[in-house]
Structures are given as C-alpha cells and as structure tokens.
file start.txt (compact mmCIF, C-alpha atoms)
# COMPACT_ATOMS: atom_id res chain seq x y z
CA MET A 1 22.16 1.32 -13.65
CA LEU A 2 21.12 4.72 -12.36
CA ALA A 3 20.95 5.04 -8.58
CA ALA A 4 17.60 5.47 -6.86
CA ARG A 5 17.24 8.76 -5.00
CA SER A 6 16.28 8.86 -1.34
CA GLU A 7 15.30 11.61 1.09
CA VAL A 8 14.76 11.15 4.81
CA GLN A 9 11.51 12.83 5.88
CA ILE A 10 11.39 11.78 9.57
CA ASP A 11 14.13 10.31 11.78
CA ASN A 12 13.62 10.02 15.53
CA ASP A 13 13.92 7.40 18.30
CA GLU A 14 10.95 5.40 16.98
CA VAL A 15 10.81 5.63 13.26
CA ARG A 16 12.67 6.64 10.13
CA VAL A 17 10.66 7.58 7.04
CA THR A 18 12.51 7.70 3.72
CA GLU A 19 11.07 8.73 0.38
CA TRP A 20 12.47 6.65 -2.49
CA ARG A 21 12.30 7.72 -6.13
CA LEU A 22 13.33 5.27 -8.84
CA ALA A 23 13.50 6.82 -12.27
CA PRO A 24 13.04 4.45 -15.23
CA GLY A 25 16.19 2.33 -15.47
CA SER A 26 17.31 2.94 -11.89
CA ALA A 27 17.88 0.58 -8.94
CA THR A 28 18.40 0.78 -5.19
CA GLY A 29 21.34 -1.64 -5.29
CA HIS A 30 21.47 -4.80 -3.23
CA HIS A 31 20.69 -4.15 0.42
CA THR A 32 19.59 -5.90 3.63
CA HIS A 33 16.77 -4.44 5.73
CA GLY A 34 17.99 -4.01 9.29
CA MET A 35 14.56 -3.11 10.70
CA ASP A 36 10.98 -4.23 10.23
CA TYR A 37 9.36 -1.83 7.77
CA VAL A 38 6.19 -0.64 6.07
CA ILE A 39 6.11 0.44 2.42
CA VAL A 40 3.56 3.04 1.27
CA PRO A 41 3.47 3.46 -2.52
CA VAL A 42 2.82 7.08 -3.51
CA VAL A 43 2.07 6.27 -7.15
CA ALA A 44 1.02 3.11 -8.95
CA GLY A 45 3.83 1.17 -10.55
CA GLU A 46 5.71 -2.08 -10.92
CA MET A 47 8.96 -2.97 -9.19
CA THR A 48 11.38 -5.67 -10.28
CA ILE A 49 12.81 -7.47 -7.24
CA VAL A 50 16.10 -9.32 -7.53
CA ALA A 51 16.89 -11.82 -4.76
CA PRO A 52 20.49 -12.43 -3.59
CA GLY A 53 20.66 -15.56 -5.81
CA GLY A 54 19.59 -13.55 -8.86
CA GLU A 55 15.97 -14.73 -9.00
CA ARG A 56 13.72 -11.99 -10.40
CA SER A 57 10.10 -11.23 -9.54
CA LYS A 58 7.65 -8.42 -10.19
CA ALA A 59 5.65 -6.56 -7.54
CA GLN A 60 2.69 -4.32 -8.29
CA LEU A 61 2.41 -1.05 -6.37
CA SER A 62 -0.90 0.70 -5.82
CA ALA A 63 -0.94 4.27 -4.45
CA GLY A 64 -1.73 4.26 -0.74
CA LYS A 65 -1.82 0.45 -0.40
CA SER A 66 0.75 -0.39 2.28
CA TYR A 67 2.51 -3.63 3.17
CA PHE A 68 4.72 -4.82 6.04
CA ARG A 69 7.97 -6.79 5.96
CA LYS A 70 10.23 -8.15 8.71
CA ALA A 71 13.90 -7.24 9.11
CA GLY A 72 16.35 -9.44 7.23
CA VAL A 73 14.89 -9.06 3.75
CA GLN A 74 17.71 -8.89 1.16
CA HIS A 75 17.13 -7.69 -2.39
CA ASP A 76 17.79 -5.22 -5.15
CA VAL A 77 14.83 -3.16 -6.40
CA LEU A 78 14.77 -2.05 -10.04
CA ASN A 79 12.49 0.10 -12.13
CA GLU A 80 12.25 -1.52 -15.56
CA THR A 81 9.15 0.47 -16.51
CA SER A 82 8.84 3.83 -18.29
CA THR A 83 7.39 5.75 -15.33
CA GLU A 84 8.91 6.88 -12.05
CA ILE A 85 8.37 4.71 -8.94
CA VAL A 86 7.80 6.63 -5.69
CA PHE A 87 7.25 5.08 -2.28
CA LEU A 88 7.86 5.76 1.40
CA GLU A 89 9.81 3.29 3.53
CA ILE A 90 8.81 3.48 7.21
CA GLU A 91 11.40 1.69 9.35
CA LEU A 92 10.31 0.72 12.86
CA LYS A 93 13.12 1.20 15.37
CA ALA A 94 11.41 0.07 18.54
CA MET B 1 -21.53 15.69 9.35
CA LEU B 2 -20.79 12.58 7.35
CA ALA B 3 -18.46 10.10 9.00
CA ALA B 4 -14.99 9.54 7.61
CA ARG B 5 -14.37 5.99 6.39
CA SER B 6 -11.46 3.94 7.67
CA GLU B 7 -9.91 0.62 6.68
CA VAL B 8 -7.15 -1.15 8.59
CA GLN B 9 -4.42 -2.30 6.17
CA ILE B 10 -1.86 -3.68 8.67
CA ASP B 11 -2.27 -4.57 12.36
CA ASN B 12 0.45 -6.47 14.20
CA ASP B 13 2.51 -6.21 17.42
CA GLU B 14 4.45 -3.21 16.15
CA VAL B 15 2.26 -1.09 13.98
CA ARG B 16 -1.28 -0.41 12.83
CA VAL B 17 -1.83 1.21 9.45
CA THR B 18 -5.26 2.68 8.75
CA GLU B 19 -6.43 4.25 5.51
CA TRP B 20 -8.72 7.23 6.12
CA ARG B 21 -11.04 8.65 3.47
CA LEU B 22 -12.87 11.89 4.14
CA ALA B 23 -15.43 12.75 1.51
CA PRO B 24 -16.29 16.44 1.12
CA GLY B 25 -18.33 17.45 4.16
CA SER B 26 -17.18 14.57 6.35
CA ALA B 27 -15.27 14.44 9.65
CA THR B 28 -13.46 11.92 11.81
CA GLY B 29 -15.17 13.11 14.98
CA HIS B 30 -13.27 14.25 18.07
CA HIS B 31 -10.63 11.73 19.11
CA THR B 32 -7.46 11.39 21.17
CA HIS B 33 -4.40 9.70 19.69
CA GLY B 34 -3.28 6.92 22.04
CA MET B 35 -0.05 6.22 20.17
CA ASP B 36 2.66 8.19 18.43
CA TYR B 37 1.85 8.25 14.73
CA VAL B 38 2.95 9.12 11.21
CA ILE B 39 0.56 10.50 8.60
CA VAL B 40 1.19 9.84 4.90
CA PRO B 41 -1.12 11.82 2.61
CA VAL B 42 -2.08 9.82 -0.48
CA VAL B 43 -3.50 12.80 -2.35
CA ALA B 44 -3.03 16.55 -2.02
CA GLY B 45 -5.68 18.31 0.01
CA GLU B 46 -6.55 20.57 2.90
CA MET B 47 -7.78 19.42 6.30
CA THR B 48 -9.62 21.55 8.81
CA ILE B 49 -8.45 20.75 12.34
CA VAL B 50 -10.71 21.55 15.29
CA ALA B 51 -9.05 21.61 18.72
CA PRO B 52 -10.95 20.51 21.87
CA GLY B 53 -11.66 24.18 22.69
CA GLY B 54 -13.15 24.75 19.24
CA GLU B 55 -10.21 26.61 17.72
CA ARG B 56 -9.97 25.89 13.98
CA SER B 57 -6.90 25.65 11.79
CA LYS B 58 -6.08 24.48 8.27
CA ALA B 59 -3.40 21.95 7.34
CA GLN B 60 -2.13 21.40 3.80
CA LEU B 61 -1.54 17.82 2.68
CA SER B 62 0.88 16.96 -0.09
CA ALA B 63 0.90 13.42 -1.55
CA GLY B 64 3.72 11.38 -0.07
CA LYS B 65 4.92 14.08 2.35
CA SER B 66 4.77 12.48 5.79
CA TYR B 67 4.73 14.00 9.27
CA PHE B 68 5.06 12.66 12.82
CA ARG B 69 3.00 13.44 15.93
CA LYS B 70 3.25 12.28 19.56
CA ALA B 71 0.48 10.47 21.41
CA GLY B 72 -1.98 12.68 23.23
CA VAL B 73 -3.07 14.85 20.31
CA GLN B 74 -6.80 15.63 20.56
CA HIS B 75 -8.78 16.98 17.63
CA ASP B 76 -11.53 16.60 15.08
CA VAL B 77 -10.53 16.49 11.41
CA LEU B 78 -12.95 17.86 8.79
CA ASN B 79 -12.97 18.02 5.03
CA GLU B 80 -14.45 21.38 4.06
CA THR B 81 -13.14 21.18 0.50
CA SER B 82 -14.79 19.77 -2.64
CA THR B 83 -12.34 16.86 -3.12
CA GLU B 84 -11.80 13.67 -1.17
CA ILE B 85 -9.00 13.58 1.43
CA VAL B 86 -7.08 10.28 1.63
CA PHE B 87 -4.24 9.54 4.02
CA LEU B 88 -2.65 6.66 5.90
CA GLU B 89 -2.27 6.79 9.68
CA ILE B 90 0.65 4.67 10.89
CA GLU B 91 0.38 4.12 14.66
CA LEU B 92 3.57 3.00 16.42
CA LYS B 93 2.83 0.45 19.14
CA ALA B 94 6.33 -0.20 20.44
call {"tool": "encode", "arguments": {"input": "start.txt", "output": "structure tokens"}}
result
Amino acid sequence: MLAARSEVQIDNDEVRVTEWRLAPGSATGHHTHGMDYVIVPVVAGEMTIVAPGGERSKAQLSAGKSYFRKAGVQHDVLNETSTEIVFLEIELKA
Amino acid sequence: MLAARSEVQIDNDEVRVTEWRLAPGSATGHHTHGMDYVIVPVVAGEMTIVAPGGERSKAQLSAGKSYFRKAGVQHDVLNETSTEIVFLEIELKA
C-alpha cells in the first residue's frame, strides 16, 4: 500500500487543519483519532474504511459537504478507486 | 446587492460549520465575527472584502486551501466576479 500524503495547513492552540491526499491504491494506515474532528472533502470520491476488526465499509465524499466525528474513532482509510481523494481534517483542540 | 446564501452543516457544542454561496453580484452584508474561525474554499475564486471604513481589498481563494482568523473581524464580503464563490466557515466555540 502506498502511504497517503498529508500537509498541515494550520496548527495553533485551538485547531489543527491537515490536508490529506490519497492517490489511487494508497491508505492512511490504521490510526486512532485523539481529538474530535470535522472532515471537509475537497473533491468527490469514495473512501474504503477498515475497522480495527477488519470490517470494511464504503463512504461517499461530496466536495464541500462536511461531517463531524468524536475522538476515539479507530480505522484505516483506503482509496480503492481510480481517482485521487482529497480532504481536510480539522481537529478541535479545545 | 443580492444576499449570500448560507446553510448550516454542523452545529454542536464545539463547532458550527456553515456553507456560504455567493452568486455573482451578491454580498454577505457587514458582519462581525464572534468566534475564531477557519475558512475552507470549496472552489477557486476572488472575494472583495470591504472594511468598516469602506476600504476595499481582494482575496484569492484556492479550493481546499484553508486559513484561520481570530474573533472580532468586521467586514462585508462581495462577489464581484462572474462565477459563484463557495466556502465553508468553521466557527470554533470552545
């Protein structure tokens, strides 16, 4: 698996904003979210989510349609499509 | 001036995410930001910013390139271009 690429855009006392780019065939690797967070898709796409037990699900991304998740989420995120996935992760520190 | 359109996507104890759409010739109207906030442009574009004293400036928006501002900012935001401006405003409540 290729590694997803990430770039921190903002990092201060309140918030960290990271741009994630998943080329076709890449993955973030298994990780646990330490903070509540908002995802903002930058392009439309489809993510494959793999839970810690190996269960797989698909999630549709629509450009500019955000969603919120609480800290503690554990998963791997894969791009099994033929187009790049791009989204911003906005972690809430406060 | 046409009014900008807004739609709240997320609103909880920590964060409010609002999608703003400014058609050509529209404006948000003068407002004061009560919370620190992050802007995530959804499409490329150019905003015209009008300060309380009337001073005008231009700001370039690039899709997925976020920026942070502190509470207290006062301005009007206009779309003087021929294409729609779309961005998410992520207000930090904590």
call {"tool": "interface_residues", "arguments": {"input": "start.txt", "of": "chain A", "to": "chain B", "cutoff": "10 Å", "atoms": "all atoms listed in the file", "output": "list in words"}}
result
Gln9, Ile10, Asp11, Asn12, Glu14, Val15, Val17, Thr18, Glu19, Asp36, Tyr37, Val38, Val40, Pro41, Val42, Val43, Ala63, Gly64, Lys65, Ser66, Tyr67, Phe68, Val86, Phe87, Leu88, Ile90, Leu92, Lys93 and Ala94 of chain A
call {"tool": "residues_around", "arguments": {"input": "start.txt", "residues": "Pro24 in chain A", "least_positions_apart": "6", "cutoff": "7 Å", "atoms": "only C-alpha atoms", "output": "list in words"}}
result
Asn79, Glu80, Thr81, Ser82, Thr83 and Glu84 of chain A
call {"tool": "calpha_fit_and_write", "arguments": {"input": "start.txt", "fixed": "chain A", "moving": "chain B", "output": "short mmCIF file (atom, residue, chain, number, x, y, z; two decimals) with C-alpha atoms, in the frame of the given file"}}
result
data_model
loop_
_atom_site.label_atom_id
_atom_site.label_comp_id
_atom_site.auth_asym_id
_atom_site.auth_seq_id
_atom_site.Cartn_x
_atom_site.Cartn_y
_atom_site.Cartn_z
CA MET B 1 22.17 1.31 -13.61
CA LEU B 2 21.14 4.71 -12.34
CA ALA B 3 20.95 5.05 -8.58
CA ALA B 4 17.60 5.48 -6.88
CA ARG B 5 17.24 8.77 -5.00
CA SER B 6 16.28 8.87 -1.34
CA GLU B 7 15.29 11.62 1.08
CA VAL B 8 14.76 11.16 4.80
CA GLN B 9 11.50 12.84 5.87
CA ILE B 10 11.38 11.78 9.56
CA ASP B 11 14.13 10.33 11.78
CA ASN B 12 13.61 10.01 15.52
CA ASP B 13 13.92 7.38 18.29
CA GLU B 14 10.96 5.40 16.98
CA VAL B 15 10.82 5.62 13.25
CA ARG B 16 12.66 6.64 10.11
CA VAL B 17 10.66 7.58 7.03
CA THR B 18 12.51 7.70 3.71
CA GLU B 19 11.07 8.74 0.37
CA TRP B 20 12.48 6.65 -2.49
CA ARG B 21 12.31 7.72 -6.13
CA LEU B 22 13.34 5.28 -8.83
CA ALA B 23 13.50 6.82 -12.27
CA PRO B 24 13.04 4.46 -15.22
CA GLY B 25 16.19 2.34 -15.46
CA SER B 26 17.31 2.94 -11.89
CA ALA B 27 17.88 0.59 -8.93
CA THR B 28 18.40 0.77 -5.19
CA GLY B 29 21.33 -1.63 -5.28
CA HIS B 30 21.47 -4.82 -3.21
CA HIS B 31 20.68 -4.16 0.44
CA THR B 32 19.59 -5.90 3.64
CA HIS B 33 16.76 -4.45 5.72
CA GLY B 34 17.99 -4.02 9.30
CA MET B 35 14.57 -3.13 10.69
CA ASP B 36 10.99 -4.22 10.22
CA TYR B 37 9.36 -1.85 7.76
CA VAL B 38 6.20 -0.65 6.06
CA ILE B 39 6.12 0.45 2.42
CA VAL B 40 3.57 3.03 1.26
CA PRO B 41 3.48 3.46 -2.52
CA VAL B 42 2.83 7.07 -3.51
CA VAL B 43 2.07 6.27 -7.14
CA ALA B 44 1.02 3.10 -8.95
CA GLY B 45 3.84 1.17 -10.54
CA GLU B 46 5.71 -2.08 -10.92
CA MET B 47 8.97 -2.97 -9.18
CA THR B 48 11.37 -5.66 -10.26
CA ILE B 49 12.80 -7.46 -7.23
CA VAL B 50 16.10 -9.31 -7.53
CA ALA B 51 16.89 -11.82 -4.77
CA PRO B 52 20.50 -12.43 -3.60
CA GLY B 53 20.66 -15.55 -5.81
CA GLY B 54 19.58 -13.55 -8.86
CA GLU B 55 15.98 -14.75 -9.01
CA ARG B 56 13.72 -12.00 -10.39
CA SER B 57 10.12 -11.23 -9.54
CA LYS B 58 7.65 -8.41 -10.18
CA ALA B 59 5.65 -6.56 -7.53
CA GLN B 60 2.68 -4.31 -8.29
CA LEU B 61 2.41 -1.05 -6.36
CA SER B 62 -0.90 0.69 -5.83
CA ALA B 63 -0.95 4.26 -4.45
CA GLY B 64 -1.72 4.25 -0.75
CA LYS B 65 -1.82 0.45 -0.39
CA SER B 66 0.75 -0.37 2.29
CA TYR B 67 2.51 -3.62 3.17
CA PHE B 68 4.71 -4.82 6.03
CA ARG B 69 7.97 -6.79 5.95
CA LYS B 70 10.24 -8.16 8.70
CA ALA B 71 13.90 -7.24 9.09
CA GLY B 72 16.34 -9.43 7.23
CA VAL B 73 14.90 -9.06 3.74
CA GLN B 74 17.71 -8.92 1.16
CA HIS B 75 17.13 -7.70 -2.38
CA ASP B 76 17.78 -5.22 -5.14
CA VAL B 77 14.84 -3.16 -6.40
CA LEU B 78 14.78 -2.05 -10.05
CA ASN B 79 12.49 0.10 -12.13
CA GLU B 80 12.23 -1.52 -15.55
CA THR B 81 9.14 0.47 -16.51
CA SER B 82 8.84 3.83 -18.29
CA THR B 83 7.38 5.75 -15.31
CA GLU B 84 8.90 6.87 -12.04
CA ILE B 85 8.35 4.71 -8.94
CA VAL B 86 7.80 6.64 -5.69
CA PHE B 87 7.25 5.08 -2.29
CA LEU B 88 7.85 5.76 1.39
CA GLU B 89 9.81 3.29 3.52
CA ILE B 90 8.82 3.48 7.19
CA GLU B 91 11.42 1.69 9.33
CA LEU B 92 10.32 0.72 12.85
CA LYS B 93 13.13 1.20 15.37
CA ALA B 94 11.40 0.07 18.54
#
call {"tool": "atom_distance", "arguments": {"input": "start.txt", "atom1": "CA of Thr48 in chain A", "atom2": "CA of Met35 in chain A"}}
result
21.4 Å
call {"tool": "atom_distance", "arguments": {"input": "start.txt", "atom1": "CA of Leu2 in chain A", "atom2": "CA of Ala71 in chain A"}}
result
25.6 Å
call {"tool": "residues_around", "arguments": {"input": "start.txt", "residues": "range 29-31 of chain A", "least_positions_apart": "5", "cutoff": "12 Å", "atoms": "all atoms listed in the file", "output": "PyMOL selection string"}}
result
chain A and resi 1-5+22+48-54+71-79
call {"tool": "atom_distance", "arguments": {"input": "start.txt", "atom1": "CA of Arg21 in chain A", "atom2": "CA of Met47 in chain A"}}
result
11.6 Å
call {"tool": "closest_residue", "arguments": {"input": "start.txt", "among": "B:Ile85, B:Leu61, B:Glu91, B:Glu55", "to": "Gly25 in chain B", "atoms": "only C-alpha atoms"}}
result
B:Ile85
call {"tool": "decode", "arguments": {"input": "start.txt", "residues": "chain A", "atoms": "C-alpha atoms", "output": "short mmCIF file (atom, residue, chain, number, x, y, z; two decimals), in the first residue's frame"}}
result
data_model
loop_
_atom_site.label_atom_id
_atom_site.label_comp_id
_atom_site.auth_asym_id
_atom_site.auth_seq_id
_atom_site.Cartn_x
_atom_site.Cartn_y
_atom_site.Cartn_z
CA MET A 1 0.00 0.00 0.00
CA LEU A 2 1.17 3.49 -0.85
CA ALA A 3 1.12 5.98 2.02
CA ALA A 4 -1.35 8.85 1.99
CA ARG A 5 0.29 12.28 1.90
CA SER A 6 -0.53 14.92 4.49
CA GLU A 7 0.28 18.61 4.87
CA VAL A 8 -0.54 20.72 7.92
CA GLN A 9 -2.16 24.00 6.84
CA ILE A 10 -3.00 25.49 10.27
CA ASP A 11 -1.75 24.50 13.74
CA ASN A 12 -2.43 26.72 16.74
CA ASP A 13 -3.85 26.44 20.28
CA GLU A 14 -7.39 25.78 19.02
CA VAL A 15 -7.25 23.84 15.83
CA ARG A 16 -5.07 21.81 13.50
CA VAL A 17 -6.03 21.60 9.84
CA THR A 18 -4.38 18.88 7.75
CA GLU A 19 -4.81 18.31 4.03
CA TRP A 20 -4.86 14.61 3.15
CA ARG A 21 -4.25 13.29 -0.36
CA LEU A 22 -4.82 9.61 -1.09
CA ALA A 23 -3.65 8.57 -4.53
CA PRO A 24 -5.36 5.50 -6.03
CA GLY A 25 -4.11 2.46 -4.13
CA SER A 26 -2.96 4.40 -1.07
CA ALA A 27 -4.01 4.28 2.60
CA THR A 28 -3.58 6.33 5.75
CA GLY A 29 -2.68 3.27 7.84
CA HIS A 30 -4.53 2.31 10.99
CA HIS A 31 -4.87 5.23 13.39
CA THR A 32 -6.89 6.46 16.37
CA HIS A 33 -8.33 9.98 16.39
CA GLY A 34 -7.20 11.75 19.56
CA MET A 35 -9.44 14.79 19.04
CA ASP A 36 -12.96 15.48 17.85
CA TYR A 37 -12.74 16.42 14.17
CA VAL A 38 -14.50 17.73 11.09
CA ILE A 39 -13.81 16.38 7.60
CA VAL A 40 -14.26 18.64 4.56
CA PRO A 41 -13.97 16.76 1.25
CA VAL A 42 -12.28 18.90 -1.42
CA VAL A 43 -13.27 16.62 -4.29
CA ALA A 44 -15.95 13.98 -4.73
CA GLY A 45 -14.83 10.43 -4.13
CA GLU A 46 -15.27 7.17 -2.29
CA MET A 47 -13.26 6.04 0.72
CA THR A 48 -12.92 2.47 1.93
CA ILE A 49 -12.94 2.36 5.73
CA VAL A 50 -11.41 -0.61 7.54
CA ALA A 51 -12.37 -1.04 11.21
CA PRO A 52 -9.89 -2.48 13.75
CA GLY A 53 -11.57 -5.91 13.41
CA GLY A 54 -11.13 -5.84 9.63
CA GLU A 55 -14.72 -4.97 8.72
CA ARG A 56 -14.84 -2.90 5.53
CA SER A 57 -17.30 -0.17 4.55
CA LYS A 58 -17.55 2.48 1.86
CA ALA A 59 -18.11 6.20 2.46
CA GLN A 60 -19.10 8.66 -0.25
CA LEU A 61 -17.42 12.06 -0.25
CA SER A 62 -19.02 15.12 -1.80
CA ALA A 63 -16.95 18.29 -2.31
CA GLY A 64 -17.69 20.81 0.43
CA LYS A 65 -20.06 18.53 2.39
CA SER A 66 -18.60 18.30 5.89
CA TYR A 67 -19.16 15.84 8.72
CA PHE A 68 -18.20 15.65 12.40
CA ARG A 69 -16.77 12.75 14.41
CA LYS A 70 -15.87 12.37 18.09
CA ALA A 71 -12.40 11.45 19.35
CA GLY A 72 -11.72 7.74 19.71
CA VAL A 73 -12.55 6.67 16.17
CA GLN A 74 -10.12 3.94 15.02
CA HIS A 75 -9.76 2.95 11.38
CA ASP A 76 -7.67 2.68 8.26
CA VAL A 77 -8.76 4.73 5.23
CA LEU A 78 -8.03 3.39 1.74
CA ASN A 79 -8.50 4.68 -1.77
CA GLU A 80 -9.57 1.74 -3.92
CA THR A 81 -10.82 3.99 -6.73
CA SER A 82 -9.00 5.32 -9.79
CA THR A 83 -9.09 9.00 -8.78
CA GLU A 84 -7.30 10.92 -6.05
CA ILE A 85 -9.12 11.54 -2.74
CA VAL A 86 -8.51 14.96 -1.16
CA PHE A 87 -9.99 16.18 2.11
CA LEU A 88 -9.19 18.46 5.03
CA GLU A 89 -9.18 17.14 8.58
CA ILE A 90 -9.97 19.87 11.13
CA GLU A 91 -9.04 18.69 14.63
CA LEU A 92 -10.60 20.60 17.52
CA LYS A 93 -8.14 21.03 20.38
CA ALA A 94 -10.27 22.93 22.85
#
